[in-house]
file my_file18.txt (compact mmCIF, C-alpha atoms)
# COMPACT_ATOMS: atom_id res chain seq x y z
CA MET A 1 0.00 0.00 0.00
CA PRO A 2 1.51 3.36 -0.95
CA PRO A 3 2.46 5.19 2.26
CA PHE A 4 2.54 8.91 2.99
CA ALA A 5 2.84 10.36 -0.51
CA PRO A 6 1.15 13.67 -1.32
CA ALA A 7 -2.24 12.99 -2.85
CA VAL A 8 -5.94 13.71 -2.48
CA PRO A 9 -9.00 11.44 -2.43
CA VAL A 10 -10.10 10.77 -5.98
CA SER A 11 -13.49 9.11 -5.54
CA ARG A 12 -16.13 8.07 -3.06
CA ARG A 13 -19.13 5.84 -3.73
CA SER A 14 -21.60 3.80 -1.76
CA LEU A 15 -21.27 0.06 -2.26
CA LEU A 16 -23.89 -1.12 0.17
CA ALA A 17 -27.24 0.41 0.94
CA GLY A 18 -28.30 -1.45 3.83
CA GLY A 19 -27.96 -2.98 7.23
CA ALA A 20 -30.90 -2.05 9.45
CA GLY A 21 -31.88 -4.33 12.27
CA LEU A 22 -30.42 -5.82 15.42
CA LEU A 23 -27.21 -7.74 15.90
CA ALA A 24 -26.13 -9.00 19.29
CA LEU A 25 -22.50 -8.35 20.14
CA ALA A 26 -22.40 -12.05 21.00
CA ALA A 27 -22.81 -12.74 17.27
CA ILE A 28 -19.48 -11.06 16.57
CA PRO A 29 -16.70 -13.55 17.45
CA GLY A 30 -14.43 -12.29 20.19
CA LEU A 31 -16.83 -9.72 21.63
CA SER A 32 -18.48 -10.11 25.03
CA ARG A 33 -21.49 -12.38 25.18
CA ALA A 34 -22.71 -10.40 28.16
CA ALA A 35 -23.04 -7.19 26.18
CA ALA A 36 -26.38 -5.78 25.13
CA PRO A 37 -27.59 -6.06 21.52
CA VAL A 38 -26.43 -3.42 19.11
CA ASP A 39 -28.90 -1.71 16.82
CA PHE A 40 -27.14 -1.20 13.49
CA ALA A 41 -30.08 0.69 11.97
CA GLY A 42 -28.66 3.90 10.54
CA VAL A 43 -25.04 2.87 11.19
CA THR A 44 -22.61 3.50 8.34
CA VAL A 45 -18.92 2.59 8.34
CA ARG A 46 -17.00 5.00 6.12
CA ALA A 47 -13.98 3.00 5.08
CA ALA A 48 -10.88 4.20 3.26
CA LYS A 49 -9.69 2.10 0.36
CA TYR A 50 -6.79 2.03 -2.07
CA LYS A 51 -7.45 1.72 -5.78
CA GLY A 52 -8.97 -1.65 -6.63
CA ARG A 53 -8.28 -3.15 -3.24
CA GLU A 54 -10.56 -3.33 -0.17
CA ASP A 55 -13.99 -3.19 -1.82
CA ASN A 56 -13.05 -5.66 -4.56
CA LEU A 57 -11.38 -8.01 -2.10
CA LEU A 58 -14.32 -8.02 0.32
CA ARG A 59 -16.73 -8.62 -2.56
CA ALA A 60 -14.66 -11.44 -4.04
CA ALA A 61 -14.41 -13.10 -0.62
CA GLY A 62 -18.14 -12.82 0.00
CA GLN A 63 -17.70 -10.43 2.93
CA LEU A 64 -19.83 -7.45 1.88
CA ASP A 65 -23.08 -8.78 3.37
CA THR A 66 -22.80 -6.47 6.37
CA PRO A 67 -25.69 -5.69 8.77
CA TYR A 68 -24.68 -2.01 8.60
CA ALA A 69 -24.02 0.23 5.62
CA VAL A 70 -20.52 0.60 4.21
CA THR A 71 -19.22 3.37 1.97
CA PHE A 72 -15.72 3.51 0.51
CA GLY A 73 -13.60 6.56 -0.23
CA GLU A 74 -10.57 6.01 -2.46
CA PHE A 75 -7.23 7.46 -1.34
CA ALA A 76 -3.70 7.35 -2.71
CA SER A 77 -1.80 7.47 0.58
CA GLY A 78 -1.98 6.85 4.30
CA ASN A 79 -1.29 10.42 5.34
CA VAL A 80 -4.37 11.63 3.45
CA ILE A 81 -6.42 8.94 5.19
CA VAL A 82 -5.20 10.30 8.54
CA GLU A 83 -6.17 13.81 7.46
CA ALA A 84 -9.62 12.58 6.43
CA MET A 85 -10.09 10.80 9.76
CA ASN A 86 -9.01 13.86 11.69
CA ALA A 87 -11.54 15.91 9.70
CA GLY A 88 -14.28 13.42 10.58
CA ALA A 89 -14.74 12.20 6.99
CA VAL A 90 -13.48 8.60 7.36
CA ASP A 91 -13.98 6.08 10.17
CA VAL A 92 -11.43 3.36 9.41
CA GLY A 93 -8.51 2.81 7.03
CA SER A 94 -5.08 1.29 6.57
CA MET A 95 -1.61 2.77 6.20
CA SER A 96 2.08 2.09 6.79
CA GLU A 97 3.72 2.67 10.16
CA ILE A 98 4.76 6.17 9.08
CA PRO A 99 1.51 8.22 9.11
CA PRO A 100 0.66 7.28 12.72
CA VAL A 101 4.04 8.66 13.82
CA PHE A 102 3.30 12.06 12.31
CA ALA A 103 -0.28 11.80 13.60
CA ALA A 104 1.11 11.42 17.12
CA VAL A 105 3.22 14.54 16.65
CA ALA A 106 0.28 16.52 15.27
CA GLY A 107 -2.21 15.30 17.88
CA ALA A 108 -4.49 13.72 15.28
CA ARG A 109 -7.63 12.08 16.66
CA ILE A 110 -6.96 8.54 15.48
CA LYS A 111 -6.25 5.19 17.13
CA ALA A 112 -4.28 2.26 15.72
CA VAL A 113 -6.61 -0.71 16.32
CA ALA A 114 -5.07 -3.58 14.35
CA ILE A 115 -1.82 -4.69 12.75
CA ILE A 116 -1.61 -5.73 9.11
CA ALA A 117 0.99 -8.26 8.06
CA ASP A 118 2.06 -7.25 4.56
CA ASP A 119 4.77 -7.69 1.97
CA VAL A 120 8.13 -5.90 2.20
CA ASN A 121 9.78 -7.57 -0.79
CA ASN A 122 8.00 -5.00 -2.98
CA GLN A 123 9.93 -2.15 -1.31
CA VAL A 124 13.43 -1.96 -2.76
CA VAL A 125 16.37 0.14 -3.86
CA LEU A 126 16.68 -0.05 -7.65
CA VAL A 127 19.77 0.73 -9.74
CA PRO A 128 20.16 0.78 -13.54
CA LYS A 129 21.06 -2.57 -15.11
CA ASP A 130 24.60 -1.45 -15.99
CA SER A 131 25.23 0.43 -12.74
CA PRO A 132 28.58 -0.08 -10.97
CA ILE A 133 26.69 0.06 -7.65
CA ARG A 134 26.80 -3.47 -6.22
CA THR A 135 26.34 -3.02 -2.47
CA PRO A 136 24.65 -0.42 -0.24
CA ALA A 137 28.10 0.91 0.68
CA ASP A 138 28.50 1.91 -2.99
CA LEU A 139 25.69 4.45 -2.54
CA ALA A 140 28.16 6.84 -0.87
CA GLY A 141 28.27 10.06 -2.87
CA LYS A 142 25.47 8.93 -5.19
CA ARG A 143 22.13 10.57 -6.02
CA VAL A 144 19.41 8.45 -4.45
CA GLY A 145 15.72 9.11 -5.03
CA TYR A 146 13.11 8.36 -2.37
CA VAL A 147 9.65 9.51 -1.29
CA ARG A 148 10.00 11.87 1.65
CA ALA A 149 8.52 10.83 5.03
CA THR A 150 7.48 7.38 3.80
CA THR A 151 8.66 3.83 4.28
CA THR A 152 11.21 4.46 1.52
CA GLN A 153 13.02 7.15 3.53
CA TYR A 154 12.84 4.96 6.64
CA TYR A 155 14.27 1.77 5.13
CA LEU A 156 16.81 3.74 3.10
CA ALA A 157 18.07 5.30 6.33
CA ARG A 158 18.32 1.87 7.95
CA ILE A 159 20.07 0.35 4.93
CA LEU A 160 22.61 3.18 4.92
CA LYS A 161 23.19 2.85 8.65
CA ALA A 162 23.82 -0.89 8.32
CA ALA A 163 26.43 -0.08 5.65
CA GLY A 164 28.17 2.44 7.92
CA LEU A 165 26.67 5.43 6.09
CA SER A 166 24.09 8.10 6.82
CA PHE A 167 21.84 10.36 4.75
CA GLY A 168 24.66 12.90 4.84
CA ASP A 169 26.83 10.49 2.83
CA ILE A 170 24.47 10.45 -0.16
CA THR A 171 22.73 13.10 -2.21
CA GLY A 172 19.15 12.36 -1.24
CA VAL A 173 16.57 13.42 -3.82
CA PRO A 174 12.98 13.49 -2.51
CA LEU A 175 10.59 12.72 -5.37
CA THR A 176 7.03 11.57 -5.89
CA PRO A 177 6.77 8.03 -7.34
CA ALA A 178 5.94 9.42 -10.79
CA ASP A 179 8.79 11.93 -10.74
CA GLY A 180 11.12 9.26 -9.38
CA ARG A 181 10.36 6.98 -12.31
CA ALA A 182 11.09 9.77 -14.78
CA ALA A 183 14.33 10.71 -13.00
CA PHE A 184 15.44 7.07 -12.88
CA ASP A 185 14.68 6.49 -16.58
CA GLN A 186 16.55 9.68 -17.56
CA GLY A 187 19.62 8.90 -15.45
CA ALA A 188 19.03 11.90 -13.19
CA ILE A 189 19.41 9.67 -10.11
CA ASP A 190 21.81 6.78 -9.53
CA ALA A 191 19.47 4.71 -7.36
CA TRP A 192 15.81 4.78 -6.41
CA ALA A 193 14.13 3.66 -3.17
CA ILE A 194 10.60 2.82 -4.21
CA TYR A 195 7.66 0.51 -3.48
CA GLY A 196 4.73 -1.30 -5.05
CA TYR A 197 4.12 -1.98 -8.73
CA SER A 198 6.62 0.71 -9.72
CA VAL A 199 9.24 -1.95 -8.94
CA PRO A 200 8.30 -4.74 -11.40
CA ILE A 201 7.12 -2.27 -14.03
CA THR A 202 10.46 -0.41 -13.97
CA ILE A 203 12.40 -3.67 -14.02
CA ALA A 204 10.39 -4.92 -17.00
CA ALA A 205 10.78 -1.64 -18.88
CA SER A 206 14.48 -0.95 -18.31
CA GLY A 207 16.10 -4.07 -16.90
CA ALA A 208 16.75 -2.27 -13.61
CA ARG A 209 18.40 -4.29 -10.84
CA VAL A 210 17.27 -4.69 -7.26
CA LEU A 211 20.22 -3.61 -5.14
CA VAL A 212 18.53 -4.56 -1.88
CA THR A 213 15.00 -5.17 -0.64
CA ALA A 214 13.50 -3.75 2.54
CA ASN A 215 13.19 -7.25 3.98
CA GLY A 216 14.99 -7.11 7.31
CA TYR A 217 14.78 -3.33 7.43
CA LEU A 218 10.98 -2.95 7.54
CA SER A 219 8.96 -4.86 10.12
CA GLY A 220 6.30 -5.96 7.64
CA ASN A 221 3.71 -4.34 9.90
CA TYR A 222 1.12 -1.92 8.60
CA ILE A 223 -1.66 -0.28 10.58
CA TYR A 224 -5.44 -0.28 10.56
CA ALA A 225 -6.54 2.93 12.26
CA ALA A 226 -9.92 4.26 13.30
CA ARG A 227 -11.31 7.67 14.15
CA GLU A 228 -11.45 8.31 17.91
CA GLU A 229 -15.02 9.64 17.81
CA ALA A 230 -16.15 6.58 15.84
CA LEU A 231 -14.70 4.28 18.49
CA ALA A 232 -16.55 6.24 21.19
CA ASP A 233 -19.90 5.35 19.55
CA PRO A 234 -20.79 1.80 20.75
CA ALA A 235 -22.71 0.79 17.62
CA LEU A 236 -20.17 2.24 15.20
CA SER A 237 -17.29 0.73 17.19
CA ALA A 238 -18.95 -2.70 17.01
CA ALA A 239 -19.45 -2.25 13.27
CA ILE A 240 -15.77 -1.32 12.83
CA GLY A 241 -14.78 -4.47 14.72
CA ASP A 242 -16.96 -6.56 12.43
CA TYR A 243 -15.50 -4.80 9.37
CA LEU A 244 -11.97 -5.65 10.53
CA LEU A 245 -12.92 -9.29 11.00
CA ARG A 246 -14.30 -9.31 7.46
CA MET A 247 -11.02 -7.90 6.17
CA LYS A 248 -9.18 -10.67 8.02
CA ARG A 249 -11.42 -13.26 6.35
CA ALA A 250 -10.97 -11.58 2.96
CA TRP A 251 -7.18 -11.77 3.20
CA ALA A 252 -7.45 -15.46 4.14
CA TRP A 253 -9.53 -15.91 0.98
CA GLN A 254 -6.93 -14.01 -1.05
CA GLN A 255 -4.16 -16.32 0.12
CA ALA A 256 -6.18 -19.36 -0.91
CA HIS A 257 -7.12 -17.84 -4.31
CA LEU A 258 -4.05 -15.94 -5.52
CA GLU A 259 -4.77 -16.53 -9.21
CA ASP A 260 -8.39 -15.41 -8.93
CA TRP A 261 -7.39 -12.32 -6.97
CA ALA A 262 -4.61 -11.50 -9.45
CA THR A 263 -7.20 -11.46 -12.25
CA ILE A 264 -9.57 -9.19 -10.32
CA PHE A 265 -6.90 -6.84 -8.98
CA SER A 266 -4.96 -6.47 -12.23
CA GLY A 267 -8.14 -5.46 -14.02
CA ALA A 268 -8.94 -2.91 -11.34
CA ILE A 269 -5.53 -1.20 -11.27
CA GLY A 270 -4.43 -1.66 -14.90
CA VAL A 271 -1.27 -3.65 -14.12
CA PRO A 272 -0.59 -6.83 -16.15
CA ARG A 273 -1.88 -9.94 -14.39
CA ASP A 274 1.46 -11.76 -14.55
CA ILE A 275 3.13 -8.89 -12.67
CA VAL A 276 0.41 -8.86 -10.00
CA LEU A 277 0.53 -12.65 -9.62
CA SER A 278 4.34 -12.70 -9.41
CA GLN A 279 4.30 -10.11 -6.64
CA LEU A 280 1.63 -12.02 -4.74
CA ARG A 281 3.60 -15.26 -4.99
CA ASN A 282 6.89 -13.63 -4.00
CA ALA A 283 5.53 -11.72 -0.99
CA SER A 284 7.62 -11.82 2.18
CA GLN A 285 4.53 -12.92 4.13
CA PRO A 286 0.83 -13.43 3.43
CA ASN A 287 -1.55 -10.61 4.25
CA ASP A 288 -3.28 -10.98 7.59
CA LEU A 289 -4.92 -8.79 10.22
CA ARG A 290 -3.56 -9.28 13.74
CA PRO A 291 -4.03 -7.89 17.27
CA VAL A 292 -2.01 -4.98 18.58
CA THR A 293 1.04 -6.26 20.50
CA ASP A 294 3.84 -4.68 22.49
CA ASP A 295 6.23 -5.61 19.68
CA ALA A 296 4.05 -3.78 17.16
CA VAL A 297 4.04 -0.66 19.33
CA ALA A 298 7.83 -0.90 19.71
CA SER A 299 8.20 -1.14 15.92
CA VAL A 300 6.31 2.12 15.40
CA GLN A 301 8.36 3.73 18.17
CA ALA A 302 11.53 2.71 16.31
CA VAL A 303 10.16 4.43 13.21
CA ALA A 304 9.51 7.58 15.22
CA ASP A 305 13.01 7.51 16.68
CA THR A 306 14.52 7.18 13.19
CA PHE A 307 12.60 10.19 11.88
CA ILE A 308 13.76 12.16 14.90
CA GLU A 309 17.36 11.28 13.94
CA LEU A 310 16.62 12.42 10.37
CA GLY A 311 15.38 15.77 11.67
CA LEU A 312 11.82 15.33 10.38
CA ILE A 313 10.37 15.28 13.90
CA PRO A 314 11.52 18.05 16.25
CA GLY A 315 11.70 16.10 19.50
CA PRO A 316 10.80 12.94 21.41
CA VAL A 317 7.41 11.36 20.74
CA ASP A 318 5.71 8.51 22.57
CA VAL A 319 3.56 6.49 20.16
CA ALA A 320 2.02 4.18 22.77
CA PRO A 321 -1.06 6.37 23.37
CA LEU A 322 -1.97 5.96 19.69
CA PHE A 323 -2.82 2.29 20.15
CA ASP A 324 -6.18 0.85 21.18
CA ARG A 325 -6.44 -2.90 21.85
CA ARG A 326 -10.22 -3.23 22.09
CA PHE A 327 -10.38 -5.57 19.05
CA ASN A 328 -7.51 -7.83 20.12
CA ALA A 329 -9.71 -10.73 21.25
CA LEU A 330 -11.70 -10.50 18.04
CA LEU A 331 -8.63 -10.51 15.79
CA ALA A 332 -6.87 -13.27 17.75
CA LYS A 333 -9.47 -15.71 16.46
CA SER A 334 -8.96 -17.48 13.16
CA ALA A 335 -10.56 -16.01 10.07
call {"tool": "encode", "arguments": {"input": "my_file18.txt", "output": "C-alpha cells"}}
result
Amino acid sequence: MPPFAPAVPVSRRSLLAGGAGLLALAAIPGLSRAAAPVDFAGVTVRAAKYKGREDNLLRAAGQLDTPYAVTFGEFASGNVIVEAMNAGAVDVGSMSEIPPVFAAVAGARIKAVAIIADDVNNQVVLVPKDSPIRTPADLAGKRVGYVRATTTQYYLARILKAAGLSFGDITGVPLTPADGRAAFDQGAIDAWAIYGYSVPITIAASGARVLVTANGYLSGNYIYAAREEALADPALSAAIGDYLLRMKRAWAWQQAHLEDWATIFSGAIGVPRDIVLSQLRNASQPNDLRPVTDDAVASVQAVADTFIELGLIPGPVDVAPLFDRRFNALLAKSA
C-alpha cells in the first residue's frame, strides 16, 4: 500500500445500501457475550480504500453482506487517510507505520486498532542494469531518489546505517513516485528507493536491478486505524470491529485464491496480471490482520526515533497512546 505520498481522495461511492436491524454483540466472534444487543439501523462505516483493493477483495471473498451500511472513499496514501479521519470524513482505514508517527506529533484524533501483516519484498532500492553500484556501501556520494517521510526514507536510512553510512553520505533526492520513475529512466538519479508496482514495471521496462529489498529493514507491519469519535460510539465501534474481521477473512480468501485475486486486482488497477501474480507469490509474508502487540508498538516507536534522527520530527514522541487494543480478542481468532 503506498504510504505517505502527497495525494488527495479521488473518488467516493456507496457500495452497500443497507444494514438495518439488530445484531447482538455475541454474534461477533471475540466480543463479550454479556453485552447488550447493538442496533445497526442507521449505522454507516465510512472505510478508506486504495485503488482496486478493499472493496473488490471483500466482494470477491463474499464479505460485503454487512448488517450495517458501508461506503468507501478512495485514497492514494496513508497520510491523506489520517487527514480525512481527523476531519471526521473517514472512520477506518489502513496505512504504513509512518503516518501514525506524524499523527502522534500533530495530535491527530486517530487510534491504531489492528496490525496488518504485509509484503516488504515490494519495497526496494533499484539501480540501472549497468550500474557499478553493487552493495549499499557503494551508494556513498550517489544521487538516491526516495519519497520523503514514507517507508522508503525509513528503510533507506536503515540500509545506509547498516552499511556504515548516513543520509549525509548520499545526495538524497525526494521525489514523488511518478517523478522518481522519470528521473530514474533519464539517469538523473543513480538509485531509487521505491515501493509497489513501480518496482516490477520499472524492471520490466528498463532491466533495472534490485540492489537490496527492505526485507529485514521494515517490520512488515502496517496499521489499521480508526477515528477516535467513531470508536466512542458503541454501535459504530462494534461495526468497525466486524468490518476488521471481514477484512481478516478476505485476506485469508486471497491467500487461498491468488490466481483469482490477481485477475480481479490487475483489471482494477491496470497492471498486467502476470506482474500482479508474481508479486503475490513472491511476498515476504501473506496478508493478515492481527491484534495490537507490544512488539508492534515498539516497531512504530523505532520508526519515530529514526525520523527524529533524520530531523523530520523536532523532538521525542511517545507512540504508545496511539494504540487501542479493544479488538484484540476479536482478531486473535482465526478467520
call {"tool": "closest_residue", "arguments": {"input": "my_file18.txt", "among": "A:Asn328, A:Thr213, A:Asn79, A:Ser266", "to": "Leu245 in chain A", "atoms": "only C-alpha atoms"}}
result
A:Asn328
call {"tool": "closest_residue", "arguments": {"input": "my_file18.txt", "among": "A:Ala178, A:Ala214, A:Ala149, A:Val124", "to": "Trp192 in chain A", "atoms": "all atoms listed in the file"}}
result
A:Val124
call {"tool": "closest_residue", "arguments": {"input": "my_file18.txt", "among": "A:Lys51, A:Arg143, A:Arg249, A:Arg227", "to": "Glu83 in chain A", "atoms": "all atoms listed in the file"}}
result
A:Arg227
call {"tool": "closest_residue", "arguments": {"input": "my_file18.txt", "among": "A:Val271, A:Ile170, A:Val38, A:Leu211", "to": "Pro132 in chain A", "atoms": "all atoms listed in the file"}}
result
A:Leu211
call {"tool": "closest_residue", "arguments": {"input": "my_file18.txt", "among": "A:Asp305, A:Asp55, A:Asp65, A:Asp138", "to": "Phe265 in chain A", "atoms": "all atoms listed in the file"}}
result
A:Asp55
call {"tool": "atom_distance", "arguments": {"input": "my_file18.txt", "atom1": "CA of Val101 in chain A", "atom2": "CA of Asn86 in chain A"}}
result
14.2 Å
call {"tool": "atom_distance", "arguments": {"input": "my_file18.txt", "atom1": "CA of Asp233 in chain A", "atom2": "CA of Ile81 in chain A"}}
result
20.0 Å
call {"tool": "closest_residue", "arguments": {"input": "my_file18.txt", "among": "A:Ala226, A:Ala106, A:Pro174, A:Ala61", "to": "Pro314 in chain A", "atoms": "all atoms listed in the file"}}
result
A:Ala106
call {"tool": "residues_around", "arguments": {"input": "my_file18.txt", "residues": "Ala239 in chain A", "least_positions_apart": "6", "cutoff": "8 Å", "atoms": "only C-alpha atoms", "output": "number ranges by chain"}}
result
A: 40, 43, 45, 68
call {"tool": "atom_distance", "arguments": {"input": "my_file18.txt", "atom1": "CA of Ala188 in chain A", "atom2": "CA of Lys142 in chain A"}}
result
10.7 Å
call {"tool": "residues_around", "arguments": {"input": "my_file18.txt", "residues": "Thr44 in chain A", "least_positions_apart": "5", "cutoff": "8 Å", "atoms": "all atoms listed in the file", "output": "MDAnalysis selection string"}}
result
chainID A and resid 68:71 236
call {"tool": "residues_around", "arguments": {"input": "my_file18.txt", "residues": "range 153-160 of chain A", "least_positions_apart": "4", "cutoff": "9 Å", "atoms": "all atoms listed in the file", "output": "NGL selection string"}}
result
:A and (98 or 123-125 or 136-137 or 139-140 or 146-149 or 164-167 or 169 or 174 or 193 or 212 or 214 or 217-218 or 303 or 306-307 or 310)
call {"tool": "residues_around", "arguments": {"input": "my_file18.txt", "residues": "Val300 in chain A", "least_positions_apart": "5", "cutoff": "12 Å", "atoms": "only C-alpha atoms", "output": "PyMOL selection string"}}
result
chain A and resi 96-104+112+115+151+154+218-223+292-295+305-307+317-323
